[in-house]
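Trainee: Structure below; questions to follow.
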Amino acid sequence: MNLTLKIWRQKNADDKGKMVDYPISNISEDMSFLEMLDVLNQELIDKGEEPVAFDHDCREGICGSCSLYINGRAHGPDTLITACQLHMRSFKDGDTIYIEPWRATAFPVIKDLIVDRTSFDRIQQAGGFISVNTSGNTQDANAIPIEKQNADMAFDAATCIGCGACVAACKNSSAMLFVSAKVSQFALLPQGRVEATDRVLNMVKQMDDEGFGNCTNTGACEVECPKGISLENIARMNREYLAASFKG
Amino acid sequence: MSKLDSKIPKGPLAEKWTNHKNEINLVNPANKRLIDVIVVGTGLAGGSASATLAELGYNVKAFCFQDSPRRAHSIAAQGGINAAKNYQGDGDSTYRLFYDTVKGGDYRSREANVYRLAEVSTNIIDQCVAQGVPFAREYGGLLDNRSFGGVLVSRTFYAKGQTGQQLLLGAYAAMNRQIGRGKIKMYSRHEMLDVVIVDGKARGIIARNLVTGEIERHSAHAVVLGTGGYGNAFYLSTYAMGSNVTAAWKAHKRGAFFANPCYTQIHPTCIPVSGDHQSKLTLMSESLRNDGRIWVPKHKEDAIAIREGKLKPTDLAEEKRDYYLERRYPAFGNLVPRDVASRAAKERCDAGYGVNKTGEAVFLDFAAAIERYGKEQAHVKGLDENDTNLITKLGKEIIKNKYGNLFQMYEKIVDQNPYETPMMIYPAVHYTMGGLWVDYNLMTTVPGLYSIGEANFSDHGANRLGASALMQGLADGYFVLPYTIGDYLAHDIRTGPISTDLPEFDEAEKYVVDNINRLINNNGNKSVDHFHKRLGKIMWNKCGMSRNEKDLKEAIDEIAALREEFWKDVKVPGTDKEYNEELAKAARVADFLELGELFAKDALVREESAGGHFREEYQTAEGEAQRRKEFQFVSAWEYKGEPSEAILHKEDLQYENIEVKERSYK
């Protein structure tokens with residue numbers, strides 16, 4: 001199929017940036033979206049132009065590197081997948097495709113479609129862990145049985161890949177879904193309860209300091225999350241936060 | 001006398017590690033604050049090592065090329081992690097895990113290392129649970145297990161199809177705690193481009209900031225490489241796009257011996273190649289072989305009809321199917337080790353029984369499992385066990401619970417529903433058992449330079465068993481290296497900070513800058529990917545699932561010629577002072593072009609078949625791998641300029657606790 005791509009080009013963080021048109025032809029529907037961009041980049045290199053920079057690594061939907069805003073949606077038109085899992089069969093001949101980076105104050109653009117998401121790392125550093133040393137001298141793994149339902153919910157929250165689609169999809173650029181997923185994972189497990197109070201207070205504070213906005217309560221994040229992280233996590237975090245605020 | 005001293009402690013196998021820990025030097029906590037350690041790579045090995053070293057009190061500088069340590073490719077490991085917990089009471093033990101691993105590796109790994117790995121495996125599970133890793137649990141609240149290839153027990157702990165992700169996030173969390181405390185300084189989007197040797201010891205690295213292009217010098221008292229494997233030499237693989245050999249290869253060029261480069265794992269269950277545009281291959285976890293049955297049609301005409309779309313696999317009668325693994329290996333069936341399963345798939349496809357358009361795919365079928373689970377559920381719930389629709393529905397729910405994310409992944413890529421029609425799979429490059437040679441302390445042949453996880457060669461011999469990579473990565477990082485490195489660093493308590501103004505840093509930086517300038521100013525006509533794809537084709541066709549003398553000799557010549565062409569004609573757009581992925585890729589491919597030749601040379605010299613290394617000249621009458629006693633050694637290559645000049649050193653492998661016999665899974 002033949003397509004018109006409209007891609008955000010920005011040389012570096014200081015550059016203003018603009019949308020640039022690229023026609024592309026002979027795209028097979030079996031290609032992944034990123035393979036289509038590979039084809040474009042090969043053509044640009046052959047023509048002596050600079051290829052489009054975008055983050056990608058595992059190309060199987062788990063590393064969370066890819067971060068493309070495609071036709072106005074984080075990770076593109078399909079649901080429950082990352083951009084690297086999107087295939088060209090989701091498009092048709094003659095389509096115009098808009099490709100932009102994540103847009104958020106806390107995710108400044110590095111180049112073209114690449115943004116800086118280290119704010120997510122700093123939120124995790126503020127409390128996204130259980131303070132246990134890695135000595136191996138812990139009790140036996142089966143010493144504390146954990147209700148399967150809670151273990152499963154903790155797992156579901158823990159499947160967050162930290163891609164930032166929730167922030168990109170939110171009109172307030174809120175990171176509530178991301179932060180609440182980590183808070184929930186630990187809040188649901190007995191190992192995580194010990195530090196629950198400090199954790200939620202510290203992580204939320206860091207989230208605010210990074211410049212993420214408030215929750216809109218519209219749920220766009222849940223719709224666009226490639227891993228289907230549930231809004232229930234935000235409710236749980238709010239509960240944890242309220243309880244912690246009274247305690248702390 | 002060989003230059004290789006494996007430093008295996010004396011004494012009985014089961015006591016070696018405990019005794020060794022009791023005897024090695026320690027660094028007191030006050031002195032640890034005076035010592036810097038560089039860790040390159042933040043996967044399971046590098047991430048866990050960084051966290052533990054920082055906890056112990058060392059000043060750690062950690063590096064990764066990704067934008068966050070959480071994105072290292074360990075994240076993509078799906079199926080599980082082994083540990084000899086024997087929670088199932090099915091006869092597992094440290095010895096049995098040790099035995100399975102040595103046998104699985106086709107008797108080409110080091111006994112003492114493997115025993116230690118089995119010994120610390122149970123600690124890993126305890127540790128991870130304490131960290132909040134949400135492993136799968138049973139209704140009683142205890143941990144669940146499943147089975148993996150090449151073993152007869154259930155010892156694999158898992159978190160659905162995302163075990164690697166959960167374990168890595170555990171290590172990442174442990175790192176974050178130390179970053180927050182200021183004990184780890186994290187350098188993400190940085191690529192190590194050389195190791196700096198001062199007075200014969202590793203004392204630092206040269207790294208490139210991938211965002212600004214700046215070249216940086218970093219010094220330390222020891223350098224640890226947890227930089228993963230080199231399977232991307234094949235271009236197409238299940239590795240991440242950025243996975244590379246550069247750190248290990250630069251270490252090799254600075255004196256670290258490279259061991260068993262030809263031992264590569266080709267994983268049997270991956271989604272087949274669909275066309276020339278393909279950039280990477282996707283794994284379907286080995287755990288699927290717990291419930292999936294592998295087959296091709298018994299008759300060629302049926303295979304042809306399926307290929308042409310005239311016959312649906314679900315319409316082919318049971319008696320017209322060849323469940324070839326169950327037929328050839330009744331004892332282990334679909335759960336034979338990876339090397340055996342991959343070769344068997346290739347054998348059937350080469351014989352003309354492949355089932356997709358390219359003829360390079362076999363079926364992985366869940367229909368029987370869906371029926372079995374459905375019946376079980378109907379029985380438990382007191383429902384009609386003869387209602388086919390109900391059984392199928394209940395069975396699909398169970399399968400979805402176990403493998404839901406894998407089925408979804410498959411459907412998104414292939415556009416077929418694996419609940420309704422069997423998956424199509426084919427082997428793909430997945431892991432490299434070879435890597436930097438290390439002694440029992442995980443130190444390379446360069447003092448102060450360590451290698452952990454997939455980047456070293458030590459534990460898996462010629463074939464790795466499923467769910468053992470995660471085990472080794474975490475064992476090395478959490479429980480082995482933090483002890484053994486102390487023995488070395490104990491001599492450095494009075495050294496003081498290492499200056500980055502030393503001439504050795506000047507020299508290394510100049511070497512790095514020259515290399516980058518050469519690539520940037522080359523002004524050739526062909527892109528980096530052009531060369532990478534061609535290298536991949538040579539590797540896959542001549543150094544892949546089966547190898548022979550003629551092909552390997554050709555591969556050596558072709559890779560050398562391709563390397564020459566690369567340096568004449570590669571084109572790298574942009575400049576070196578900005579984010580430039582093509583430049584990063586070019587530098588990595590340049591190293592693959594050297595490693596590839598050494599790989600082929602190693603495969604040529606190894607005149608036997610063992611594990612993932614199958615030489616057509618050395619096979620049994622039934623087509624199984626034929627080991628040879630005279631090759632019971634580790635090949636460790638010393639760099640001498642061109643790969644063709646590399647010198648082979650041999651470390652003889654002694655088996656005192658295991659009887660070396662024919663590796664049979666029949």
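To be explicit about the labels: the chains of the structure tokens are called A, B, and onward in the order shown, and within each one the residues are counted from 1, while ligands get numbers from 1 in the order they are shown.
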Would you please extract all helix (DSSP H, G or I) residues from segment 54-242 of chain A, as assigned by DSSP on the backbone, and give them as a ChimeraX atom specification?

Mentor: /A:83-85,88-90,118-125,148-158,165-169,176-187,190-193,196-209,220-224,232-242

Trainee: How would the residues just chosen look if you wrote them out with C-alpha atoms as a compact mmCIF listing (two decimals), in the first residue's frame?

Mentor:
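Output contents, as saved in again_16.txt:
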```txt
# COMPACT_ATOMS: atom_id res chain seq x y z
CA ALA A 83 3.42 0.75 18.77
CA CYS A 84 5.93 -2.00 18.02
CA GLN A 85 3.11 -4.59 18.05
CA MET A 88 0.24 -2.23 8.94
CA ARG A 89 -2.88 -4.32 8.38
CA SER A 90 -4.54 -1.78 10.68
CA THR A 118 13.61 9.77 33.35
CA SER A 119 10.93 11.48 35.47
CA PHE A 120 9.35 8.02 35.73
CA ASP A 121 12.64 6.62 37.07
CA ARG A 122 12.83 9.38 39.67
CA ILE A 123 9.31 8.60 40.88
CA GLN A 124 10.33 4.96 41.37
CA GLN A 125 13.48 6.04 43.18
CA LYS A 148 -4.32 -15.83 45.10
CA GLN A 149 -6.71 -13.01 44.30
CA ASN A 150 -4.39 -10.40 45.83
CA ALA A 151 -1.32 -11.98 44.25
CA ASP A 152 -3.05 -11.88 40.86
CA MET A 153 -4.12 -8.25 41.29
CA ALA A 154 -0.60 -7.30 42.37
CA PHE A 155 0.72 -9.04 39.28
CA ASP A 156 -1.75 -7.26 37.01
CA ALA A 157 -0.61 -3.92 38.41
CA ALA A 158 3.04 -4.95 38.08
CA ALA A 165 1.14 6.14 27.13
CA CYS A 166 -1.10 7.02 30.08
CA VAL A 167 0.58 10.41 30.39
CA ALA A 168 0.47 11.02 26.65
CA ALA A 169 -3.21 10.15 26.44
CA MET A 176 -1.60 8.70 38.12
CA LEU A 177 -2.06 5.37 36.35
CA PHE A 178 1.68 4.70 36.25
CA VAL A 179 2.29 5.67 39.86
CA SER A 180 -0.79 3.92 41.16
CA ALA A 181 0.21 0.68 39.46
CA LYS A 182 3.42 0.54 41.47
CA VAL A 183 1.76 1.70 44.69
CA SER A 184 -0.93 -0.96 44.21
CA GLN A 185 1.46 -3.80 43.51
CA PHE A 186 3.12 -3.31 46.88
CA ALA A 187 -0.02 -2.29 48.75
CA PRO A 190 2.01 -8.25 52.85
CA GLN A 191 5.72 -7.60 52.14
CA GLY A 192 4.83 -4.14 50.87
CA ARG A 193 2.53 -3.05 53.70
CA ALA A 196 3.05 1.65 52.51
CA THR A 197 2.54 5.02 54.21
CA ASP A 198 5.84 6.58 53.28
CA ARG A 199 5.82 5.02 49.85
CA VAL A 200 2.61 6.57 48.63
CA LEU A 201 3.40 9.98 50.11
CA ASN A 202 6.89 10.09 48.64
CA MET A 203 5.96 8.80 45.21
CA VAL A 204 3.03 11.20 44.86
CA LYS A 205 5.19 14.11 45.97
CA GLN A 206 7.83 13.23 43.37
CA MET A 207 5.14 12.87 40.72
CA ASP A 208 3.91 16.40 41.49
CA ASP A 209 7.45 17.79 41.58
CA ALA A 220 -8.25 7.95 28.80
CA CYS A 221 -5.17 6.40 30.37
CA GLU A 222 -6.88 3.07 30.95
CA VAL A 223 -8.19 3.00 27.38
CA GLU A 224 -4.76 3.63 25.87
CA GLU A 232 -9.02 0.64 40.08
CA ASN A 233 -5.36 1.19 40.84
CA ILE A 234 -5.90 4.94 40.91
CA ALA A 235 -8.80 4.48 43.31
CA ARG A 236 -6.62 2.27 45.47
CA MET A 237 -3.79 4.83 45.44
CA ASN A 238 -6.17 7.62 46.40
CA ARG A 239 -7.36 5.50 49.32
CA GLU A 240 -3.78 4.74 50.33
CA TYR A 241 -2.84 8.39 50.00
CA LEU A 242 -5.75 9.60 52.10
```

Trainee: Please determine the contact residues of chain A with respect to chain B at a cut-off of 6 Å, counting only C-alpha atoms, and supply them as a PyMOL selection string.

Mentor: chain A and resi 57-58+63+125+129-130+134+136+140-142+145-148+155

Trainee: Could you take the residues named above and write them with C-alpha atoms, as a PDB file, in the first residue's frame?

Mentor:
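Written file, part-v2.pdb:
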```pdb
ATOM      1  CA  ASP A  57      14.224  -1.949  21.541  1.00  0.00           C
ATOM      2  CA  CYS A  58      12.521  -5.274  22.248  1.00  0.00           C
ATOM      3  CA  CYS A  63      10.404  -3.131  27.202  1.00  0.00           C
ATOM      4  CA  GLN A 125      13.476   6.041  43.175  1.00  0.00           C
ATOM      5  CA  PHE A 129      10.610  -0.603  46.211  1.00  0.00           C
ATOM      6  CA  ILE A 130      10.559  -2.735  49.315  1.00  0.00           C
ATOM      7  CA  THR A 134      19.542  -8.621  48.628  1.00  0.00           C
ATOM      8  CA  GLY A 136      19.424 -13.940  50.307  1.00  0.00           C
ATOM      9  CA  ASP A 140      11.454 -19.141  52.910  1.00  0.00           C
ATOM     10  CA  ALA A 141       9.381 -17.931  49.984  1.00  0.00           C
ATOM     11  CA  ASN A 142       6.398 -20.017  51.095  1.00  0.00           C
ATOM     12  CA  PRO A 145       0.894 -17.598  51.945  1.00  0.00           C
ATOM     13  CA  ILE A 146      -0.678 -14.825  49.880  1.00  0.00           C
ATOM     14  CA  GLU A 147      -4.270 -14.989  48.793  1.00  0.00           C
ATOM     15  CA  LYS A 148      -4.317 -15.825  45.104  1.00  0.00           C
ATOM     16  CA  PHE A 155       0.717  -9.041  39.281  1.00  0.00           C
TER      17      PHE A 155
END
```

Trainee: Using only C-alpha atoms, determine which residues lie at most 9 Å from segment 37-42 of chain B, disregarding the query and same-chain residues fewer than 2 positions distant; provide the list as a PyMOL selection string.

Mentor: chain B and resi 35+44-50+53+58-65+68-72+74+168+171-172+191-192+203-205+218-228+247

Trainee: Given the choices A:Ser135, A:Leu68, A:Leu86, A:Glu50, which gets closest to Glu35 of chain A if the distance is worked out from only C-alpha atoms?

Mentor: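 Of all the options, A:Leu86 lies closest to Glu35 of chain A.
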
Trainee: Set the distance at 7 Å and use only C-alpha atoms: which residues neighbour Thr79 of chain A once local chain neighbours fewer than 2 positions away are removed? I'd like the list as a list in words.

Mentor: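 Close residues of Thr79 of chain A: Pro77, Ile81, Glu224 and Pro226 of chain A.
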
Trainee: State, in Å with one decimal place, the distance from atom CA of Glu216 of chain B to atom CA of Phe592 of chain B.

Mentor: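 So the two atoms, atom CA of Glu216 of chain B and atom CA of Phe592 of chain B, lie 23.3 Å apart.
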
Trainee: Could you work out how far atom CA of Phe633 of chain B lies from atom CA of Tyr618 of chain B, giving the answer in Å with one decimal?

Mentor: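 Interatomic distance here is 16.9 Å.
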
Trainee: What's the 10 Å shell around Pro643 of chain B, counting only C-alpha atoms, without same-chain residues fewer than 5 positions away, as a list of chain:residue names?

Mentor: B:Ile556, B:Ala560, B:Leu593, B:Glu594, B:Leu595, B:Gly596, B:Glu597, B:Leu598, B:Phe599, B:Ala600, B:Lys601, B:Trp637, B:Glu638

Trainee: Next, the residues of the selection above should be written as an mmCIF file, in the first residue's frame with C-alpha atoms.

Mentor:
```
data_model
loop_
_atom_site.group_PDB
_atom_site.id
_atom_site.type_symbol
_atom_site.label_atom_id
_atom_site.label_comp_id
_atom_site.auth_asym_id
_atom_site.auth_seq_id
_atom_site.Cartn_x
_atom_site.Cartn_y
_atom_site.Cartn_z
ATOM 1 C CA ILE B 556 35.073 -17.330 7.546
ATOM 2 C CA ALA B 560 36.212 -11.321 6.424
ATOM 3 C CA LEU B 593 31.657 -8.501 11.839
ATOM 4 C CA GLU B 594 34.739 -9.447 13.845
ATOM 5 C CA LEU B 595 32.970 -11.701 16.327
ATOM 6 C CA GLY B 596 31.162 -13.506 13.489
ATOM 7 C CA GLU B 597 34.432 -14.673 12.041
ATOM 8 C CA LEU B 598 35.713 -15.934 15.383
ATOM 9 C CA PHE B 599 32.372 -17.684 15.856
ATOM 10 C CA ALA B 600 32.798 -19.580 12.591
ATOM 11 C CA LYS B 601 36.407 -20.367 13.397
ATOM 12 C CA TRP B 637 40.277 -17.479 22.348
ATOM 13 C CA GLU B 638 42.983 -14.909 22.833
#
```

Trainee: I need the residues of segment 300-517 of chain B that end up classed as strand (DSSP E or B) by DSSP on the backbone, written out as an MDAnalysis selection string.

Mentor: chainID B and resid 321:322 362:365 423:432 435:436 443 449:451 456

Trainee: Please report the interatomic distance between atom CA of His649 of chain B and atom CA of Ala259 of chain B in Å with one decimal.

Mentor: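 Atom-to-atom, atom CA of His649 of chain B and atom CA of Ala259 of chain B are spaced 9.2 Å apart.
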